[in-house]
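Asker: Once you've had a glance at the structure underneath, I'll fire off some questions.
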Amino acid sequence: ARGLQTLWMAYQPIVNPVRQEIVAYEALVRTREPSLPHPGAMFSVAERLGRVHEVGRAIRTSVAGLLSERRPEHDIFLNLHPLDLLDERLFAADAPITAFSQQVVLEVTERATLDRVHDVAGRIRTLRGLGYRVAVDDLGAGYAGLNYFATLSPDVVKIDMALVRNLHLDAVRRRIVGSLCTLCKGLGMLVVAEGVELAEEAAVATELGCDLLQGFLFARPDVAFPRVTWAPGLRDSVSVPALGRWGSGGGDASGLG
């Protein structure tokens with residue numbers, strides 16, 4: 001209860017590094033309750049108490065309030081707990097966030113299972129019918145794997161930071177990220193590299209085909225809306241040895257609109 005009462009949202013920019021433009025912000029839940037030091041702790045407790053829907057509704061109401069008050073021009077990425085897909089209020093035409101659906105990308109993490117959600121594909125179609133776009137989050141970190149592509153058919157794929165970390169130093173990671181970008185582009189999906197902390201990681205991720213980047217290199221999550229620090233040299237092409245056929249270049253970086 002104290003976690004819900006002190007809930008607030010931090011925002012982190014998602015950027016096009018070539019054009020040096022902010023394309024979107026991801027909304028990240030926070031609370032001032034010290035016994036819930038991170039979002040995972042909050043959702044773990046909410047699951048045990050059967051209050052996941054309550055937390056999800058509070059998050060969506062907070063984001064909708066900001067969109068109504070600030071009217072930002074950027075899109076907003078909003079995380080869904082898998083059980084949120086069972087909440088009828090998520091699909092309600094009169095829910096506060098529905099009014100801004102055209103501006104919202106709903107993220108479903110690959111770390112979690114959708115086994116408890118029946119008719120996932122149908123529910124995703126309903127959300128798309130309301131105007132939302134859908135993203136798969138944390139690709140490469142969980143156990144669901146490429147089955148998420150078949151189930152969700154996302155508009156956006158976010159590559160987990162574990163694959164992005166030291167990307168410029170690790171040939172195996174480069175091949176994995178390059179192959180994921182090739183797959184996603186072939187399916188018409190936009191690719192975001194998460195957890196970018198170094199300019200070298202950003203440059204290589206862009207060269208491999210990631211359309212957009214997110215991470216501490218550009219801004220830490222903060223109250224709406226943090227400014228971006230642009231690392232020098234990201235506009236320049238970076239040559240990475242031994243990329244082979246995975247070094248075919250970046251995507252169209254066309255943004256989300």
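Labeling convention for the structure tokens: chains A, B, ... as they appear, residues from 1 per chain, ligands from 1 in order of appearance.
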For segment 155-157 of chain A, find every residue with an atom within 6 Å (counting only C-alpha atoms), except residues of its own chain fewer than 3 positions away, and show them as a ChimeraX atom specification.
Answerer: /A:134-136,189-191
Asker: Write out as number ranges by chain which residues come within 10 Å of Ser35 of chain A when counting only C-alpha atoms, dropping same-chain ones fewer than 6 positions away.
Answerer: A: 2-3, 41-42
Asker: State, in Å with one decimal place, the distance from atom CA of Leu67 of chain A to atom CA of Arg128 of chain A.
Answerer: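 Atom CA of Arg128 of chain A lies at a distance of 19.4 Å from atom CA of Leu67 of chain A.
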Asker: Could you please determine the separation between atom CA of Gly209 of chain A and atom CA of Cys181 of chain A in Å, to one decimal place?
Answerer: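 Rounded to one decimal, the two atoms are 5.5 Å apart.
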Asker: Please identify all polymer residues within 10 Å of Arg89 of chain A, counting only C-alpha atoms, omitting same-chain residues fewer than 4 positions from it, and present them as a list in words.
Answerer: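 Those residues are His53, Gly56, Arg57, Asp84, Leu85, Ala93, Asp94, Ala95, Pro96, Ile97 and Thr98 of chain A.
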Asker: Since we have the selection now, will you write its residues out, keeping N, CA, C and O atoms, as a PDB file, in the first residue's frame?
Answerer:
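Done, and the output landed in part31.pdb:
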```pdb
ATOM      1  N   HIS A  53      -2.778  -6.085 -10.992  1.00  0.00           N
ATOM      2  CA  HIS A  53      -3.644  -5.191 -11.765  1.00  0.00           C
ATOM      3  C   HIS A  53      -3.702  -3.799 -11.125  1.00  0.00           C
ATOM      4  O   HIS A  53      -3.751  -2.790 -11.838  1.00  0.00           O
ATOM      5  N   GLY A  56      -0.501  -2.038 -12.105  1.00  0.00           N
ATOM      6  CA  GLY A  56      -0.540  -1.683 -13.517  1.00  0.00           C
ATOM      7  C   GLY A  56      -1.450  -0.507 -13.799  1.00  0.00           C
ATOM      8  O   GLY A  56      -1.113   0.386 -14.583  1.00  0.00           O
ATOM      9  N   ARG A  57      -2.609  -0.489 -13.158  1.00  0.00           N
ATOM     10  CA  ARG A  57      -3.533   0.627 -13.359  1.00  0.00           C
ATOM     11  C   ARG A  57      -2.953   1.937 -12.823  1.00  0.00           C
ATOM     12  O   ARG A  57      -3.116   2.997 -13.442  1.00  0.00           O
ATOM     13  N   ASP A  84      -1.032  -8.086 -16.749  1.00  0.00           N
ATOM     14  CA  ASP A  84      -1.803  -6.922 -17.186  1.00  0.00           C
ATOM     15  C   ASP A  84      -2.667  -7.265 -18.395  1.00  0.00           C
ATOM     16  O   ASP A  84      -3.715  -6.638 -18.615  1.00  0.00           O
ATOM     17  N   LEU A  85      -2.230  -8.237 -19.188  1.00  0.00           N
ATOM     18  CA  LEU A  85      -3.005  -8.633 -20.354  1.00  0.00           C
ATOM     19  C   LEU A  85      -4.318  -9.308 -19.979  1.00  0.00           C
ATOM     20  O   LEU A  85      -5.171  -9.538 -20.839  1.00  0.00           O
ATOM     21  N   ALA A  93     -12.206   1.344 -23.415  1.00  0.00           N
ATOM     22  CA  ALA A  93     -12.150   2.566 -24.226  1.00  0.00           C
ATOM     23  C   ALA A  93     -12.102   3.817 -23.368  1.00  0.00           C
ATOM     24  O   ALA A  93     -11.594   4.859 -23.801  1.00  0.00           O
ATOM     25  N   ASP A  94     -12.627   3.734 -22.129  1.00  0.00           N
ATOM     26  CA  ASP A  94     -12.661   4.914 -21.266  1.00  0.00           C
ATOM     27  C   ASP A  94     -11.514   4.937 -20.250  1.00  0.00           C
ATOM     28  O   ASP A  94     -11.482   5.806 -19.373  1.00  0.00           O
ATOM     29  N   ALA A  95     -10.566   4.008 -20.356  1.00  0.00           N
ATOM     30  CA  ALA A  95      -9.405   4.041 -19.463  1.00  0.00           C
ATOM     31  C   ALA A  95      -8.561   5.278 -19.784  1.00  0.00           C
ATOM     32  O   ALA A  95      -8.454   5.674 -20.959  1.00  0.00           O
ATOM     33  N   PRO A  96      -7.952   5.919 -18.786  1.00  0.00           N
ATOM     34  CA  PRO A  96      -7.213   7.171 -19.033  1.00  0.00           C
ATOM     35  C   PRO A  96      -6.145   7.047 -20.114  1.00  0.00           C
ATOM     36  O   PRO A  96      -5.987   7.944 -20.945  1.00  0.00           O
ATOM     37  N   ILE A  97      -5.416   5.933 -20.152  1.00  0.00           N
ATOM     38  CA  ILE A  97      -4.308   5.809 -21.099  1.00  0.00           C
ATOM     39  C   ILE A  97      -4.795   5.581 -22.524  1.00  0.00           C
ATOM     40  O   ILE A  97      -4.082   5.878 -23.495  1.00  0.00           O
ATOM     41  N   THR A  98      -6.027   5.059 -22.689  1.00  0.00           N
ATOM     42  CA  THR A  98      -6.537   4.756 -24.023  1.00  0.00           C
ATOM     43  C   THR A  98      -6.625   6.004 -24.887  1.00  0.00           C
ATOM     44  O   THR A  98      -6.439   5.945 -26.105  1.00  0.00           O
TER      45      THR A  98
END
```
Asker: Please run DSSP on the backbone and report, as number ranges by chain, all residues within segment 125-233 of chain A that come out as strand (DSSP E or B).
Answerer: A: 133-139, 156-159, 190-193, 212-213, 222
Asker: Per DSSP on the backbone, what are the helix (DSSP H, G or I) residues of segment 78-204 of chain A, as a PyMOL selection string?
Answerer: chain A and resi 82-86+88-91+96-103+120-130+147-152+161-164+171-186+199-204
Asker: For a test of reading the model, state the distance in Å between atom CA of Val192 of chain A and atom CA of Ala46 of chain A, rounded to one decimal.
Answerer: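 Atom-to-atom, atom CA of Val192 of chain A to atom CA of Ala46 of chain A, that is 28.7 Å.
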Asker: Using only C-alpha atoms, which residues sit within 6 Å of Glu194 of chain A once same-chain residues fewer than 6 positions away are excluded, as a list in words?
Answerer: Ile159, Asp160, Met161, Gln214 and Gly215 of chain A
Asker: With N, CA and C atoms retained, write the just-selected residues as a short mmCIF file (atom, residue, chain, number, x, y, z; two decimals), in the first residue's frame.
Answerer:
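result.cif, written as the output of this step:
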```cif
data_model
loop_
_atom_site.label_atom_id
_atom_site.label_comp_id
_atom_site.auth_asym_id
_atom_site.auth_seq_id
_atom_site.Cartn_x
_atom_site.Cartn_y
_atom_site.Cartn_z
N ILE A 159 16.66 -5.11 -27.74
CA ILE A 159 17.70 -6.08 -27.44
C ILE A 159 18.25 -5.82 -26.05
N ASP A 160 18.29 -6.87 -25.24
CA ASP A 160 18.67 -6.74 -23.84
C ASP A 160 20.09 -6.22 -23.67
N MET A 161 20.31 -5.49 -22.59
CA MET A 161 21.61 -4.89 -22.33
C MET A 161 22.71 -5.93 -22.16
N GLN A 214 19.21 3.26 -26.32
CA GLN A 214 18.75 3.70 -25.01
C GLN A 214 19.80 3.32 -23.99
N GLY A 215 20.10 4.22 -23.05
CA GLY A 215 21.06 3.86 -22.02
C GLY A 215 21.67 5.05 -21.34
#
```
